[in-house]
Each structure stands twice: as structure tokens, then as C-alpha cells.
Amino acid sequence: MSKREYLRKLYLLQDLDLLIQQVKDPEYEAKTGLKVDEERIRDLENRRNELARELLKADPVTYQKYEMLKRRYGRGITRVVNHMCTNCFAALPASVIPRDDEIITCPNCGIILIWLE
Ligand SMILES: [Zn+2]
């Protein structure tokens, strides 16, 4: 798996993590007016766990970094917009660019960075 593909999958994992967290919030139904379907949550969790296993196996160091950052910031990976980290809002040095052979982290806050079009 290329680093680029890994990051896309990690970003998807985070989407699933945030979604699961959201629908498990006891206030979710009251806040959104949407009914929570337990079976669909289990499906989401199975999909999430399957993806997490794949990512842990492919690159344990990056996966563990993601989990550690998620505990600290509530997320482990964030988008770069206008050459700015969207976790800490620091402008990134010009030398920080997406690479195919390396996972790039923010020099200011340490979060894993992804460039999406
Ligand atoms: Zn940052």
C-alpha cells in the first residue's frame, strides 16, 4: 500500500470514528431528530475495526501515532488547506509538501497531515 493510499484509508477510519462517536452520543436522537439504528452502528463498528486492523498491520508506527493523537486532540489526521494545518492553524513551512514515500506530520502540533483536492 502506498503512503498516499494509507493516508486516504486513515482519513476514512477517522470519519468512521467520528461518526460512531456522534451516533453513540445519548443526546444524538434529541439533537438531530434522527433515529439510531443499533444494527447499523454495529455494521459501522465492524467496518471500522476491519479497516483499523488493516492499517495497524500495514504500518503499526503510524497507526499508533494516529490513536495517540486522537486521544490528545479528538482526531489524529487533518487536512492541509492553503498550506495551513487545520488542527493548530499554523502556516506550514514551504518545505512541508505531500510525499509518496513518507507520512508527513505538522511541525507545530504533530498531527498527521493529508492533502485532499
Ligand atoms: Zn498543526
# chains A, B, ... in the order shown; residues from 1 in each chain; ligands from 1

call {"tool": "closest_atom_pairs", "arguments": {"of": "chain A", "to": "ligand 1", "cutoff": "9 Å", "atoms": "only C-alpha atoms and all ligand atoms", "output": "JSON lines"}}
result
{"residue": "A:Thr78", "atom": "CA", "partner": "ligand 1", "partner_atom_place_in_ligand_line": "1 (Zn)", "distance": 8.4}
{"residue": "A:Met84", "atom": "CA", "partner": "ligand 1", "partner_atom_place_in_ligand_line": "1 (Zn)", "distance": 7.8}
{"residue": "A:Cys85", "atom": "CA", "partner": "ligand 1", "partner_atom_place_in_ligand_line": "1 (Zn)", "distance": 4.6}
{"residue": "A:Thr86", "atom": "CA", "partner": "ligand 1", "partner_atom_place_in_ligand_line": "1 (Zn)", "distance": 6.6}
{"residue": "A:Asn87", "atom": "CA", "partner": "ligand 1", "partner_atom_place_in_ligand_line": "1 (Zn)", "distance": 5.0}
{"residue": "A:Cys88", "atom": "CA", "partner": "ligand 1", "partner_atom_place_in_ligand_line": "1 (Zn)", "distance": 4.1}
{"residue": "A:Phe89", "atom": "CA", "partner": "ligand 1", "partner_atom_place_in_ligand_line": "1 (Zn)", "distance": 6.1}
{"residue": "A:Ala90", "atom": "CA", "partner": "ligand 1", "partner_atom_place_in_ligand_line": "1 (Zn)", "distance": 5.7}
{"residue": "A:Ala91", "atom": "CA", "partner": "ligand 1", "partner_atom_place_in_ligand_line": "1 (Zn)", "distance": 8.3}
{"residue": "A:Leu92", "atom": "CA", "partner": "ligand 1", "partner_atom_place_in_ligand_line": "1 (Zn)", "distance": 8.1}
{"residue": "A:Thr105", "atom": "CA", "partner": "ligand 1", "partner_atom_place_in_ligand_line": "1 (Zn)", "distance": 7.8}
{"residue": "A:Cys106", "atom": "CA", "partner": "ligand 1", "partner_atom_place_in_ligand_line": "1 (Zn)", "distance": 4.6}
{"residue": "A:Pro107", "atom": "CA", "partner": "ligand 1", "partner_atom_place_in_ligand_line": "1 (Zn)", "distance": 6.7}
{"residue": "A:Asn108", "atom": "CA", "partner": "ligand 1", "partner_atom_place_in_ligand_line": "1 (Zn)", "distance": 5.0}
{"residue": "A:Cys109", "atom": "CA", "partner": "ligand 1", "partner_atom_place_in_ligand_line": "1 (Zn)", "distance": 4.2}
{"residue": "A:Gly110", "atom": "CA", "partner": "ligand 1", "partner_atom_place_in_ligand_line": "1 (Zn)", "distance": 6.1}
{"residue": "A:Ile111", "atom": "CA", "partner": "ligand 1", "partner_atom_place_in_ligand_line": "1 (Zn)", "distance": 5.9}
{"residue": "A:Ile112", "atom": "CA", "partner": "ligand 1", "partner_atom_place_in_ligand_line": "1 (Zn)", "distance": 8.4}
{"residue": "A:Leu113", "atom": "CA", "partner": "ligand 1", "partner_atom_place_in_ligand_line": "1 (Zn)", "distance": 8.3}

call {"tool": "write_last_selection", "arguments": {"atoms": "C-alpha atoms", "output": "PDB file, in the first residue's frame"}}
result
ATOM      1  CA  THR A  78      -6.188  16.570   9.479  1.00  0.00           C
ATOM      2  CA  MET A  84      -2.104  25.561   6.749  1.00  0.00           C
ATOM      3  CA  CYS A  85      -2.614  22.814   9.337  1.00  0.00           C
ATOM      4  CA  THR A  86      -6.341  22.658  10.142  1.00  0.00           C
ATOM      5  CA  ASN A  87      -5.692  21.248  13.629  1.00  0.00           C
ATOM      6  CA  CYS A  88      -3.499  24.038  15.078  1.00  0.00           C
ATOM      7  CA  PHE A  89      -3.927  26.614  12.254  1.00  0.00           C
ATOM      8  CA  ALA A  90      -0.172  27.104  11.893  1.00  0.00           C
ATOM      9  CA  ALA A  91       1.100  28.072   8.444  1.00  0.00           C
ATOM     10  CA  LEU A  92       3.313  25.235   7.239  1.00  0.00           C
ATOM     11  CA  THR A 105       3.196  15.454  10.323  1.00  0.00           C
ATOM     12  CA  CYS A 106       2.654  19.084  11.332  1.00  0.00           C
ATOM     13  CA  PRO A 107       5.908  20.576  12.706  1.00  0.00           C
ATOM     14  CA  ASN A 108       3.841  22.599  15.212  1.00  0.00           C
ATOM     15  CA  CYS A 109       1.294  20.162  16.702  1.00  0.00           C
ATOM     16  CA  GLY A 110       2.487  16.778  15.392  1.00  0.00           C
ATOM     17  CA  ILE A 111      -0.799  15.735  13.781  1.00  0.00           C
ATOM     18  CA  ILE A 112      -0.697  13.567  10.630  1.00  0.00           C
ATOM     19  CA  LEU A 113      -1.329  15.691   7.545  1.00  0.00           C
TER      20      LEU A 113
END

call {"tool": "select_by_dssp", "arguments": {"residues": "chain A", "states": "strand (DSSP E or B)", "output": "JSON, numbers by chain"}}
result
{"A": [77, 78, 79, 80, 81, 84, 85, 91, 105, 112, 113, 114]}

call {"tool": "closest_residue", "arguments": {"among": "A:Ala94, A:Thr32, A:Asp17, A:Met1", "to": "A:Arg71", "atoms": "only C-alpha atoms"}}
result
A:Asp17

call {"tool": "select_by_dssp", "arguments": {"residues": "chain A", "states": "alpha helix (DSSP H)", "output": "PyMOL selection string"}}
result
chain A and resi 3-24+28-32+38-58+60-73

call {"tool": "atom_distance", "arguments": {"atom1": "atom CA of A:Asn46", "atom2": "atom CA of A:Leu16"}}
result
10.4 Å

call {"tool": "closest_residue", "arguments": {"among": "A:Glu5, A:Asp59, A:Asp15, A:Glu67", "to": "A:Glu45", "atoms": "only C-alpha atoms"}}
result
A:Asp15

call {"tool": "decode", "arguments": {"residues": "stretch 26-57 of chain A", "atoms": "N, CA and C atoms", "output": "compact mmCIF listing (two decimals), in the first residue's frame"}}
result
# COMPACT_ATOMS: atom_id res chain seq x y z
N PRO A 26 -25.63 9.96 23.69
CA PRO A 26 -27.01 9.76 24.15
C PRO A 26 -27.95 10.90 23.72
N GLU A 27 -27.39 12.06 23.42
CA GLU A 27 -28.20 13.20 23.00
C GLU A 27 -28.48 13.21 21.50
N TYR A 28 -27.86 12.26 20.77
CA TYR A 28 -27.92 12.31 19.31
C TYR A 28 -29.35 12.39 18.76
N GLU A 29 -30.21 11.50 19.24
CA GLU A 29 -31.58 11.47 18.72
C GLU A 29 -32.32 12.77 19.01
N ALA A 30 -32.15 13.27 20.24
CA ALA A 30 -32.81 14.51 20.63
C ALA A 30 -32.28 15.69 19.82
N LYS A 31 -30.97 15.72 19.59
CA LYS A 31 -30.33 16.83 18.87
C LYS A 31 -30.69 16.85 17.40
N THR A 32 -30.71 15.67 16.78
CA THR A 32 -30.84 15.63 15.32
C THR A 32 -32.25 15.24 14.85
N GLY A 33 -33.03 14.63 15.75
CA GLY A 33 -34.34 14.13 15.34
C GLY A 33 -34.23 12.85 14.51
N LEU A 34 -33.02 12.28 14.45
CA LEU A 34 -32.80 11.06 13.67
C LEU A 34 -32.78 9.85 14.59
N LYS A 35 -33.36 8.77 14.11
CA LYS A 35 -33.42 7.54 14.90
C LYS A 35 -32.10 6.78 14.77
N VAL A 36 -31.58 6.28 15.89
CA VAL A 36 -30.35 5.49 15.85
C VAL A 36 -30.70 4.01 15.68
N ASP A 37 -30.15 3.43 14.66
CA ASP A 37 -30.38 2.02 14.35
C ASP A 37 -29.18 1.21 14.87
N GLU A 38 -29.42 0.43 15.94
CA GLU A 38 -28.32 -0.31 16.59
C GLU A 38 -27.58 -1.23 15.63
N GLU A 39 -28.34 -1.84 14.72
CA GLU A 39 -27.72 -2.77 13.78
C GLU A 39 -26.76 -2.03 12.84
N ARG A 40 -27.15 -0.84 12.42
CA ARG A 40 -26.28 -0.05 11.54
C ARG A 40 -25.03 0.42 12.28
N ILE A 41 -25.17 0.71 13.56
CA ILE A 41 -23.98 1.09 14.34
C ILE A 41 -23.02 -0.10 14.42
N ARG A 42 -23.57 -1.29 14.65
CA ARG A 42 -22.70 -2.48 14.69
C ARG A 42 -22.00 -2.69 13.35
N ASP A 43 -22.71 -2.48 12.26
CA ASP A 43 -22.10 -2.58 10.92
C ASP A 43 -20.95 -1.59 10.77
N LEU A 44 -21.18 -0.37 11.20
CA LEU A 44 -20.16 0.68 11.13
C LEU A 44 -18.94 0.28 11.96
N GLU A 45 -19.20 -0.25 13.17
CA GLU A 45 -18.09 -0.65 14.04
C GLU A 45 -17.30 -1.81 13.45
N ASN A 46 -18.00 -2.74 12.82
CA ASN A 46 -17.29 -3.86 12.17
C ASN A 46 -16.41 -3.36 11.04
N ARG A 47 -16.96 -2.45 10.23
CA ARG A 47 -16.20 -1.86 9.12
C ARG A 47 -14.99 -1.10 9.66
N ARG A 48 -15.22 -0.37 10.74
CA ARG A 48 -14.15 0.41 11.38
C ARG A 48 -13.03 -0.51 11.89
N ASN A 49 -13.43 -1.59 12.56
CA ASN A 49 -12.43 -2.49 13.15
C ASN A 49 -11.63 -3.23 12.08
N GLU A 50 -12.31 -3.58 11.00
CA GLU A 50 -11.65 -4.26 9.88
C GLU A 50 -10.58 -3.34 9.26
N LEU A 51 -10.97 -2.08 9.05
CA LEU A 51 -10.06 -1.09 8.48
C LEU A 51 -8.89 -0.82 9.43
N ALA A 52 -9.19 -0.71 10.73
CA ALA A 52 -8.15 -0.46 11.73
C ALA A 52 -7.12 -1.59 11.74
N ARG A 53 -7.59 -2.84 11.65
CA ARG A 53 -6.67 -3.99 11.62
C ARG A 53 -5.75 -3.92 10.41
N GLU A 54 -6.33 -3.57 9.26
CA GLU A 54 -5.56 -3.47 8.02
C GLU A 54 -4.46 -2.39 8.16
N LEU A 55 -4.83 -1.25 8.72
CA LEU A 55 -3.89 -0.13 8.85
C LEU A 55 -2.82 -0.42 9.90
N LEU A 56 -3.22 -1.09 10.98
CA LEU A 56 -2.26 -1.46 12.03
C LEU A 56 -1.22 -2.42 11.47
N LYS A 57 -1.65 -3.35 10.64
CA LYS A 57 -0.76 -4.34 10.06
C LYS A 57 0.18 -3.69 9.04
